[in-house]
Protein chains: 4
Amino acid sequence: MLDHMGYECVIRGGRVVTDGAVIEADIAISEGRIAALGQGLRGAEEIAAGGLIVTPGGVDPHCHIEQMSGMGLMNADSFETATRSAAMGGTTSVISFAAQARGQRLAEALADYAARARRGAAVDHAFHILLSDPGVPDFEADLRALIAAGHRSVKIFTTYAIKLEDAAILEILRITAAAGAIACVHAENDAIIAAARARLLAEGRDRPRDHAASRPPEAEIEAVARICRLAENARAPVMIFHVSTAGALAEIAAARRRGAPVWAETCPHYLFQTAEVLDRPGMEGAKWMCSPPQRGLDDQRALWAGLAAGDLQIVSSDHAPYRADETGKFVHGPRPPFPAIANGMPGLEVRLPLMFEAMAAGGRLGLSAFARIVSAAPAEIFGLPRKGRILPGHDADLVLWDPARVHVYGADDLHDNVGYNPWEGHRVRGWPVMVLLRGAPVMREGSYLGTPGAGRWLHRAALGADPADLTGAAR
Amino acid sequence: MLDHMGYECVIRGGRVVTDGAVIEADIAISEGRIAALGQGLRGAEEIAAGGLIVTPGGVDPHCHIEQMSGMGLMNADSFETATRSAAMGGTTSVISFAAQARGQRLAEALADYAARARRGAAVDHAFHILLSDPGVPDFEADLRALIAAGHRSVKIFTTYAIKLEDAAILEILRITAAAGAIACVHAENDAIIAAARARLLAEGRDRPRDHAASRPPEAEIEAVARICRLAENARAPVMIFHVSTAGALAEIAAARRRGAPVWAETCPHYLFQTAEVLDRPGMEGAKWMCSPPQRGLDDQRALWAGLAAGDLQIVSSDHAPYRADETGKFVHGPRPPFPAIANGMPGLEVRLPLMFEAMAAGGRLGLSAFARIVSAAPAEIFGLPRKGRILPGHDADLVLWDPARVHVYGADDLHDNVGYNPWEGHRVRGWPVMVLLRGAPVMREGSYLGTPGAGRWLHRAALGADPADLTGAAR
Amino acid sequence: MLDHMGYECVIRGGRVVTDGAVIEADIAISEGRIAALGQGLRGAEEIAAGGLIVTPGGVDPHCHIEQMSGMGLMNADSFETATRSAAMGGTTSVISFAAQARGQRLAEALADYAARARRGAAVDHAFHILLSDPGVPDFEADLRALIAAGHRSVKIFTTYAIKLEDAAILEILRITAAAGAIACVHAENDAIIAAARARLLAEGRDRPRDHAASRPPEAEIEAVARICRLAENARAPVMIFHVSTAGALAEIAAARRRGAPVWAETCPHYLFQTAEVLDRPGMEGAKWMCSPPQRGLDDQRALWAGLAAGDLQIVSSDHAPYRADETGKFVHGPRPPFPAIANGMPGLEVRLPLMFEAMAAGGRLGLSAFARIVSAAPAEIFGLPRKGRILPGHDADLVLWDPARVHVYGADDLHDNVGYNPWEGHRVRGWPVMVLLRGAPVMREGSYLGTPGAGRWLHRAALGADPADLTGAAR
Amino acid sequence: MLDHMGYECVIRGGRVVTDGAVIEADIAISEGRIAALGQGLRGAEEIAAGGLIVTPGGVDPHCHIEQMSGMGLMNADSFETATRSAAMGGTTSVISFAAQARGQRLAEALADYAARARRGAAVDHAFHILLSDPGVPDFEADLRALIAAGHRSVKIFTTYAIKLEDAAILEILRITAAAGAIACVHAENDAIIAAARARLLAEGRDRPRDHAASRPPEAEIEAVARICRLAENARAPVMIFHVSTAGALAEIAAARRRGAPVWAETCPHYLFQTAEVLDRPGMEGAKWMCSPPQRGLDDQRALWAGLAAGDLQIVSSDHAPYRADETGKFVHGPRPPFPAIANGMPGLEVRLPLMFEAMAAGGRLGLSAFARIVSAAPAEIFGLPRKGRILPGHDADLVLWDPARVHVYGADDLHDNVGYNPWEGHRVRGWPVMVLLRGAPVMREGSYLGTPGAGRWLHRAALGADPADLTGAAR
């Protein structure tokens, strides 16, 4: 490997960011992996990174791709378009959902999504098995088999039509804990939301802006507290998705201090937006509708404090792409009441630049925390030992950033299939100039170099018996 | 650097533990630093590490060396003996105290300690400036000058004869915050202790076992809560030393969630011992006397949870060496009342093995958390950017562990000058077989290879304006 | 009224305990009510109370009388026997349950229970409408009509076959809040219990002692936290029944500090017993089985602190009478697994003496807190403005206590129809020597003087719009 | 006593408010005490109270009368003017301070204040012994003697020139706990205030509006938390005076839940005003300056919730009268920097009307909570068993309110000697039309009928051994 020319490729002279530190080092790559990290390394090919910052490729563990929504609406992105968008924004691994339809065997659902990803995905990928119907035959055996086959995470809901009741949740947690998987949860209290929605509609309040009031903070707080107790009872690792309120965060912090095996993520739209985005003329607000909704400034502050304190470990995108037209947000007409509007925003491409801006340029928590939060922690918690860090033996998934370059997001500069950019006008300093997936460039200076189907499925080994495996790693 | 023979030295084939991960990699060393981390590295010299675990050398930020106690008693270890003991136990950097005597100019105190360390220290070292008399002339100017000169931490007390009142503490915090230093605090409420002690002595309860009751939990809890408020008020980074109670930990966790710039450590004797160690026949308990005292099992559990949650970042030794004879513990006679017995235990040499046993063999939190807690976090929080991690550019301070080797501590197997071992009989699995300081072995297979005076003083640059510099790094 | 002979009856010379104070005063009674409170009052009849303590008659807002259990088992007490037992122990008002059967109209259920109470009750009484089937026709209209007709409280469950899901609970809370009723809740998470029970039975652990493990603390904590959030969301007054754990109490205290309209009770068996009572030879433990189960000493301590701090307002009996024979506890055979054993214990008769002993003789909180907790607070919270206090205009429901008399409970000294006494051997100091209901003695020196059918139904007016009506009164 | 004409005097037909309830009853008075409470009572004299509300006379346990301030400035009210003002506003008992001068024996201080009160006081009165110098000879013996002689409360400060350090506080708490007294504490951290003040003055911020910033919330929070810990450690009953922040209240609530013997009060200016009152043109703001300063709306909300939850038991006036002229606020010139302006506002006369308006007319907590908070609780906590309630045997201290009468405070309508009214323009509904002290009118329809010297000193017996004596009573 170390012949006279040194390594296949060396990224020379950059400031390299790992989970714990920022160092001056060259990165040597061989056969798609990082072969060495050091000073004065030489390679057959060399990429000059002087003045640049090199971070691990993003790991986005929460995105919806080619998935049918609860409304029966296919979302706007195929694996081809979604992973193109991811790559352009510096994300080289995604975990999307293999959604079980009612009555469907789990293996069948997975096979279907896997086939589509194999054809279309330009970055590496894995699946959370979305469990909507634990009543199908052989459910437990199938789930255990899939976890054993490398799918160590599931997704469940406490709201929407696919919501599960506590008994089903506990039963699933029993299985996932025993089989070594982590359960991701969309935790909002369905009854509180239904009652609030009914009240609003009865009062004629059916505009996008009313969406926020229809999902009050206590809906999230209650469900998060409940899931924490169930996880504690079942000793089952749980990931709380998209925490949006200070109150829910406080429940998570308390549960973690009790020793409950609970982890949590938030998303850029909760860190940088408030519910005011919904309050735009006409139906414009629909473009920003997501669930849970954006909240207030106090919640934003609490979420940042939660990232600093380690109560939140991950920032994901919750990429949920719907066009703002009759194929997406407005499939039920041009002025539907808010419950008929598809929820979700694109986010795969903006997640890293938004967080880089805030954490590096903006100074919040700093560069090594950035690398941990968008790459190392999701890789570790979700079982991707070769992703998320710049260390020998890890995949050479890398992002080269020009820390001085400024970009103001425009309406059309995302590479997904959504057709609008909810971050239009947002200014970031620090911009990715090159992205490598297993050593091969998938983006260079704004040009997309990825290949549909080149992304690999990532086998994720089951957790050992002790959920504390996770604790030390990602806290 | 990379000639045909490769590097000066390569540690080959070990499992390398960094803050965030455990990888299989070779470590190349040149000129005392880590030159590269990678696979298949070659060196002029090679050290076979197959089957071994390689961790960063320990950084012990809390130890008393050649220091006069409050009783006017010189402690038992010189820099020569203390750093020998440190090296034998895998610790390659220590921060001890440069203690200002009443009326003494700070620079003078520092010069004295520095001279002694220069002569005797076999490992790298730095000083916390122990402030006992802020009333000396030019105090502020001197303190600012010393911080600017590379000493970015101070130590203050809220108890003992050298205790400072709130006004003095706030004034010092104003200076340290402005000058870019962190203030370490021994936080126990002096009045509560004095009242408890008086009550006990009045009741004739003057045995070592009564030491615990003389420093009740609320003495620590109150003072820790107060220091957190003062730090918050002054926006001044503070490190709470030797947290021993669940209650004090809860105050720290709450303060951190409010955004207060507060960090905290605990010590092995609080994690593995309870107040029962004081309850031995005759004066035996005196050997385990330290302040704050060991507590109960509930406190132990809380401290471990605090390490897992990140509310505690560091485990230090609080090495405070006194012989159990008339030169130390019993300087005031063979059966003195407890207030006349010197407080403290040796700990420099045992800290790493005890924690390795618990975290690696015992499975608590895991190896990478071990490396963070004993090495990376103290290096980062106290300003040692080249220490505490195994990454290119860092000093080649390394410990090679045989994870299978079992050791039961004996009475005489420590290499300090204390003459007893409070951990006698404690069994650990995992044992250091080699320790390197800047690439040079200081211990190999139980033989001490260090050289008095070979340790270097570590310049520690002042913190930038934002205490959040610390936040991202060490949380 | 005030003729030359003064009042109809005067209780002369006792120490009179009201909610707020203990005074030396005579109590004048006319037409069943307290006509005056003062010194030197004269009556046609006089009862000498020198040396005695006079407290308000007990108000027991939580007892099961002539009610079918979830197992379809009629409990052991008729209104005749239950109210006899109540009167003998100093309780002059009871609120039992009018339990809706599945499919049954509410008015029908109520009419049935009311008729039986009218015939049998020897003390005054009211009903909580137990809602098991909100799906019956005209449910909302019927419930509103009943509340308007004087029944201002309902009871719901989150566990057992009659458990309601969140959506149904929220719908009921919407109705009760609007109509001016308070909802009492048995709050334990059914799924956690079901899972724990299944696990225990699978391990062959089916003895009475295993009952405690089948209802772990987090089952109560979770459900209590959830009900608090639902109450807060619906702005609906809620009473948490039989709080047994420190954790649930902490949730209630936090909710009250957020302003949630939440009140809570505990019971003597949680204050004075631990789960050890279940751990007796053979099937003996079955006699102490109740739900939630008795807990530990830490929980006891927390419950007492909760009474002191006002987080708990009421101590009720949760009288749930089943004979320890084939008609009751052992209806499913002599050695059934614990889930087949009827839950519940007699308590109507012992509640006051147990609490008097602890609070007066034992000194916990004192006499006026005793009167508040067993009489004034339940009267106020549940809408009985003429009960629970010794003030002019109030019903002359009184208990005369000999504070020096000691009683050790025997196996046969209760006057219900249960046939065993779970407090056998328990010693109390302070014993009721006379009990008056609306001025007429129902017990004198251990002789029962009550009359089946003499008890009156108590109309309870709906709450005003503001749940804070309750706040000032009973905190 | 009960001759053919009945009682000496009967207040007929009012709605009578006691701690726990509101009843329709006549109140019979004989020899200055309440002889009976009942219906149809007859008296030689009768006062028609139909349509009126009768509450207990106010007990104001926190007011400064004829007291020298820390600045050496005598405050504006003599006992004659202060108690006139109190009586006009419905307050019939006051506890002011007997302030020890430096070096002065306690008995001497007390004798001096007692003599002046004996001459001037028109309402009943007692003293908190203000301890400023525990170093005088025989301090402990004198203090014990005074407590035994009927003075069961002391006052200490953690700020101002008379501040005591923790050791002195603990020593005093040891004495008060043993002797059966309660210690009232002005708890603000002196060092935090001094540092903030110095910073402000250095920036040229010396206006009344800057007073608020000079006493930041954490100054109060820290000191309150500390006092709670000291009280817990010493098992000594403590009353936290004038709580102004949500944060301090949270510390008190937590301490009470730990079982600490801690009680707390707030004042109308914290419940109804914010720091904006200081922000007026010129020096106007000086009229509203008090310590701690008014805070924000969030704090107001928290304080009301604290009253509802029982964490705060008392609302007192903290009457601290200084004229807004060169004899008072501006003794150091017409435009002094804020530290040179005397702190304090008049409040004795407005406390009851302000609270009646909020609690009765405004609906917060209700009438019986009003009576508890302004009368019953202070009487009970401070040892006045014949004050604060309308019950037989209690002193006939009564206020008759016209609930419909509206009053808008004017500049000149207070009867103290302060010369301005900080509540000018404040509108209240509900107005006292008559005030009786021990049966004799001291105010009728706005006319003052009191007599200087007619007020009696109130002997207050020492507490028993158990601070829980207080717990049940006043929670």
# chains A, B, ... in the order shown; residues from 1 in each chain; ligands from 1
$ residues_around --residues "segment 33-40 of chain C" --least-positions-apart "5" --cutoff "7 Å" --atoms "only C-alpha atoms" --output "compact mmCIF listing (two decimals) with N, CA and C atoms, in the first residue's frame"
# COMPACT_ATOMS: atom_id res chain seq x y z
N ALA C 25 -64.41 25.74 72.64
CA ALA C 25 -65.72 26.34 72.34
C ALA C 25 -66.82 25.32 72.51
N ASP C 26 -68.00 25.83 72.79
CA ASP C 26 -69.20 25.00 72.77
C ASP C 26 -69.77 25.02 71.37
N ILE C 27 -70.45 23.95 71.05
CA ILE C 27 -71.08 23.86 69.72
C ILE C 27 -72.58 23.72 69.93
N ALA C 28 -73.32 24.69 69.41
CA ALA C 28 -74.77 24.61 69.53
C ALA C 28 -75.37 24.03 68.26
N LEU C 391 -68.60 24.91 61.63
CA LEU C 391 -68.88 26.33 61.53
C LEU C 391 -70.39 26.51 61.47
N PRO C 392 -70.90 27.63 61.96
CA PRO C 392 -72.35 27.85 61.90
C PRO C 392 -72.87 27.67 60.48
N GLY C 393 -74.01 27.01 60.39
CA GLY C 393 -74.62 26.77 59.10
C GLY C 393 -74.25 25.43 58.50
N HIS C 394 -73.17 24.85 59.00
CA HIS C 394 -72.77 23.55 58.50
C HIS C 394 -73.57 22.45 59.20
N ASP C 395 -73.68 21.31 58.56
CA ASP C 395 -74.33 20.18 59.21
C ASP C 395 -73.56 19.79 60.46
N ALA C 396 -74.34 19.38 61.44
CA ALA C 396 -73.72 19.00 62.72
C ALA C 396 -73.23 17.56 62.65
N ARG C 438 -75.72 15.04 61.38
CA ARG C 438 -76.75 16.09 61.45
C ARG C 438 -77.36 16.15 62.86
N GLY C 439 -76.52 16.14 63.84
CA GLY C 439 -76.96 16.33 65.23
C GLY C 439 -77.38 15.07 65.95
N ALA D 35 -67.15 36.13 71.09
CA ALA D 35 -67.77 35.23 72.06
C ALA D 35 -68.50 34.10 71.35
N ALA D 36 -69.07 34.43 70.23
CA ALA D 36 -69.79 33.39 69.50
C ALA D 36 -69.90 33.78 68.04
N LEU D 37 -70.16 32.73 67.29
CA LEU D 37 -70.35 32.85 65.86
C LEU D 37 -71.60 32.04 65.61
N GLY D 38 -72.62 32.65 65.04
CA GLY D 38 -73.82 31.83 64.86
C GLY D 38 -74.91 32.59 64.16
N GLN D 39 -76.05 31.97 64.13
CA GLN D 39 -77.17 32.62 63.47
C GLN D 39 -78.16 33.09 64.52
N PRO D 392 -64.55 31.87 67.90
CA PRO D 392 -64.73 32.16 69.31
C PRO D 392 -63.41 32.09 70.07
$ select_by_dssp --residues "segment 147-336 of chain C" --states "alpha helix (DSSP H)" --output "ChimeraX atom specification"
/C:147-148,166-179,190-202,210-213,217-234,246-257,268-272,297-309
$ residues_around --residues "Gly43 of chain B" --least-positions-apart "4" --cutoff "6 Å" --atoms "only C-alpha atoms" --output "list of chain:residue names"
B:Met5, B:Gly6, B:Tyr7, B:Glu8, B:Cys9, B:Val10
$ closest_atom_pairs --of "chain A" --to "chain C" --cutoff "6 Å" --atoms "only C-alpha atoms" --output "JSON lines"
{"residue": "A:Asp166", "atom": "CA", "partner": "C:Ala191", "partner_atom": "CA", "distance": 5.7}
{"residue": "A:Ala167", "atom": "CA", "partner": "C:Ala191", "partner_atom": "CA", "distance": 4.5}
{"residue": "A:Ala191", "atom": "CA", "partner": "C:Ala167", "partner_atom": "CA", "distance": 4.5}
{"residue": "A:Glu222", "atom": "CA", "partner": "C:Arg226", "partner_atom": "CA", "distance": 5.9}
{"residue": "A:Arg226", "atom": "CA", "partner": "C:Glu222", "partner_atom": "CA", "distance": 5.9}
$ select_by_dssp --residues "segment 33-265 of chain A" --states "strand (DSSP E or B)" --output "ChimeraX atom specification"
/A:33-38,43-48,53-56,58-60,63,68,74,91-99,124-130,153-157,182-186,238-240,262-265
$ closest_residue --among "C:Pro137, C:Pro346, C:Pro261, C:Gly180" --to "Ile240 of chain C" --atoms "only C-alpha atoms"
C:Pro261
$ residues_around --residues "Gly455 of chain C" --least-positions-apart "3" --cutoff "10 Å" --atoms "only C-alpha atoms" --output "VMD selection string"
chain C and resid 79 83 92 to 94 117 to 125 437 to 438 450 to 452 458
$ write_last_selection --atoms "N, CA and C atoms" --output "compact mmCIF listing (two decimals), in the first residue's frame"
# COMPACT_ATOMS: atom_id res chain seq x y z
N PHE C 79 -74.87 -0.92 51.07
CA PHE C 79 -74.87 0.41 51.69
C PHE C 79 -75.10 0.29 53.19
N THR C 83 -71.99 1.75 55.34
CA THR C 83 -72.18 3.01 56.07
C THR C 83 -72.19 2.78 57.57
N THR C 92 -69.08 10.41 58.24
CA THR C 92 -70.51 10.71 58.14
C THR C 92 -70.96 11.06 56.73
N SER C 93 -70.03 11.14 55.82
CA SER C 93 -70.38 11.34 54.41
C SER C 93 -69.48 10.45 53.56
N VAL C 94 -70.09 9.78 52.61
CA VAL C 94 -69.29 8.96 51.70
C VAL C 94 -69.66 9.30 50.26
N ALA C 117 -78.88 3.07 47.74
CA ALA C 117 -78.36 3.91 48.82
C ALA C 117 -79.50 4.48 49.66
N ARG C 118 -80.55 4.87 48.98
CA ARG C 118 -81.69 5.45 49.70
C ARG C 118 -82.21 4.46 50.74
N ARG C 119 -82.27 3.22 50.35
CA ARG C 119 -82.73 2.18 51.28
C ARG C 119 -81.73 1.90 52.39
N GLY C 120 -80.46 1.82 52.03
CA GLY C 120 -79.52 1.25 53.00
C GLY C 120 -78.61 2.22 53.73
N ALA C 121 -78.39 3.40 53.16
CA ALA C 121 -77.31 4.23 53.71
C ALA C 121 -77.70 4.86 55.04
N ALA C 122 -76.82 4.70 56.01
CA ALA C 122 -77.04 5.29 57.32
C ALA C 122 -76.29 6.60 57.48
N VAL C 123 -75.44 6.95 56.53
CA VAL C 123 -74.78 8.27 56.55
C VAL C 123 -75.06 8.96 55.21
N ASP C 124 -74.73 10.22 55.14
CA ASP C 124 -75.00 10.97 53.92
C ASP C 124 -74.07 10.50 52.80
N HIS C 125 -74.53 10.70 51.58
CA HIS C 125 -73.79 10.07 50.49
C HIS C 125 -73.99 10.77 49.16
N LEU C 437 -74.44 12.55 63.25
CA LEU C 437 -74.78 12.88 61.87
C LEU C 437 -75.95 13.86 61.90
N ARG C 438 -75.72 15.04 61.38
CA ARG C 438 -76.75 16.09 61.45
C ARG C 438 -77.36 16.15 62.86
N GLY C 450 -76.99 3.99 64.23
CA GLY C 450 -77.44 4.47 62.93
C GLY C 450 -78.68 3.74 62.44
N THR C 451 -79.28 4.28 61.39
CA THR C 451 -80.50 3.73 60.82
C THR C 451 -80.35 3.61 59.30
N PRO C 452 -80.44 2.41 58.79
CA PRO C 452 -80.38 2.27 57.34
C PRO C 452 -81.44 3.15 56.69
N LEU C 458 -76.59 13.78 48.81
CA LEU C 458 -76.07 15.14 48.85
C LEU C 458 -76.00 15.71 47.44
$ residues_around --residues "Pro281 of chain C" --least-positions-apart "6" --cutoff "12 Å" --atoms "only C-alpha atoms" --output "PyMOL selection string"
chain C and resi 207-209+287
$ residues_around --residues "Ala342 of chain D" --least-positions-apart "6" --cutoff "9 Å" --atoms "only C-alpha atoms" --output "JSON, numbers by chain"
{"D": [69, 70, 71, 73, 286, 289, 290, 322, 328, 329, 330, 331]}
$ residues_around --residues "Leu173 of chain A" --least-positions-apart "4" --cutoff "9 Å" --atoms "only C-alpha atoms" --output "list in words"
Ala168, Ile169, Ala177, Ala178, Ala181, Ile182, Ala183, Leu230, Ala231, Ala234, Arg235, Ala236, Pro237 and Val238 of chain A
$ write_last_selection --atoms "all heavy atoms" --output "CSV table (one decimal), in the first residue's frame"
chain,number,residue,atom,x,y,z
A,168,ALA,N,-48.9,-2.1,21.9
A,168,ALA,CA,-48.1,-2.5,20.8
A,168,ALA,C,-46.7,-1.9,20.8
A,168,ALA,O,-45.7,-2.6,20.4
A,168,ALA,CB,-48.8,-2.0,19.5
A,169,ILE,N,-46.6,-0.7,21.3
A,169,ILE,CA,-45.2,-0.1,21.4
A,169,ILE,C,-44.4,-0.9,22.4
A,169,ILE,O,-43.2,-1.2,22.1
A,169,ILE,CB,-45.4,1.4,21.9
A,169,ILE,CG1,-46.0,2.2,20.8
A,169,ILE,CG2,-44.0,2.0,22.3
A,169,ILE,CD1,-46.4,3.7,21.2
A,177,ALA,N,-35.4,-4.5,21.8
A,177,ALA,CA,-34.4,-4.6,22.9
A,177,ALA,C,-33.7,-5.9,22.9
A,177,ALA,O,-32.5,-6.0,23.0
A,177,ALA,CB,-35.0,-4.3,24.3
A,178,ALA,N,-34.5,-7.0,22.7
A,178,ALA,CA,-33.9,-8.3,22.7
A,178,ALA,C,-33.1,-8.6,21.5
A,178,ALA,O,-32.1,-9.3,21.5
A,178,ALA,CB,-35.0,-9.4,22.8
A,181,ALA,N,-32.0,-3.7,18.4
A,181,ALA,CA,-32.3,-2.6,17.5
A,181,ALA,C,-32.7,-1.4,18.4
A,181,ALA,O,-33.0,-1.5,19.5
A,181,ALA,CB,-33.4,-3.0,16.5
A,182,ILE,N,-32.7,-0.3,17.7
A,182,ILE,CA,-33.1,1.0,18.4
A,182,ILE,C,-34.4,1.4,17.7
A,182,ILE,O,-34.6,1.2,16.5
A,182,ILE,CB,-32.0,2.1,18.3
A,182,ILE,CG1,-32.5,3.3,19.1
A,182,ILE,CG2,-31.8,2.5,16.9
A,182,ILE,CD1,-31.3,4.3,19.3
A,183,ALA,N,-35.4,1.9,18.5
A,183,ALA,CA,-36.7,2.3,18.0
A,183,ALA,C,-36.7,3.8,17.9
A,183,ALA,O,-36.6,4.5,18.9
A,183,ALA,CB,-37.8,1.7,18.9
A,230,LEU,N,-41.7,4.2,28.8
A,230,LEU,CA,-41.9,2.9,28.2
A,230,LEU,C,-40.5,2.3,27.9
A,230,LEU,O,-40.2,1.2,28.1
A,230,LEU,CB,-42.7,3.0,26.9
A,230,LEU,CG,-44.2,3.4,27.1
A,230,LEU,CD1,-44.9,3.4,25.8
A,230,LEU,CD2,-44.9,2.4,28.1
A,231,ALA,N,-39.6,3.2,27.4
A,231,ALA,CA,-38.2,2.7,27.1
A,231,ALA,C,-37.5,2.3,28.4
A,231,ALA,O,-36.8,1.3,28.4
A,231,ALA,CB,-37.4,3.9,26.4
A,234,ALA,N,-38.9,-1.0,29.5
A,234,ALA,CA,-38.5,-2.1,28.6
A,234,ALA,C,-37.0,-2.2,28.5
A,234,ALA,O,-36.5,-3.2,27.8
A,234,ALA,CB,-39.2,-2.0,27.3
A,235,ARG,N,-36.3,-1.3,29.1
A,235,ARG,CA,-34.8,-1.2,28.9
A,235,ARG,C,-34.5,-1.3,27.4
A,235,ARG,O,-33.6,-2.1,27.0
A,235,ARG,CB,-34.1,-2.4,29.6
A,235,ARG,CG,-34.3,-2.3,31.1
A,235,ARG,CD,-33.9,-3.6,31.8
A,235,ARG,NE,-34.3,-3.6,33.2
A,235,ARG,CZ,-33.5,-3.0,34.2
A,235,ARG,NH1,-32.4,-2.5,33.9
A,235,ARG,NH2,-34.0,-3.1,35.4
A,236,ALA,N,-35.2,-0.6,26.6
A,236,ALA,CA,-35.1,-0.6,25.2
A,236,ALA,C,-34.6,0.7,24.6
A,236,ALA,O,-35.2,1.7,24.9
A,236,ALA,CB,-36.5,-0.9,24.5
A,237,PRO,N,-33.5,0.7,23.8
A,237,PRO,CA,-33.0,1.9,23.3
A,237,PRO,C,-34.0,2.6,22.4
A,237,PRO,O,-34.6,2.0,21.5
A,237,PRO,CB,-31.8,1.5,22.5
A,237,PRO,CG,-31.4,0.2,23.0
A,237,PRO,CD,-32.7,-0.5,23.5
A,238,VAL,N,-34.2,3.9,22.6
A,238,VAL,CA,-35.1,4.7,21.8
A,238,VAL,C,-34.5,6.0,21.4
A,238,VAL,O,-33.7,6.6,22.1
A,238,VAL,CB,-36.4,4.9,22.7
A,238,VAL,CG1,-37.2,6.1,22.2
A,238,VAL,CG2,-37.3,3.7,22.8
$ atom_distance --atom1 "atom CA of Arg215 of chain C" --atom2 "atom CA of Ala309 of chain B"
28.6 Å
$ atom_distance --atom1 "atom CA of Gly446 of chain D" --atom2 "atom CA of Met434 of chain D"
7.9 Å
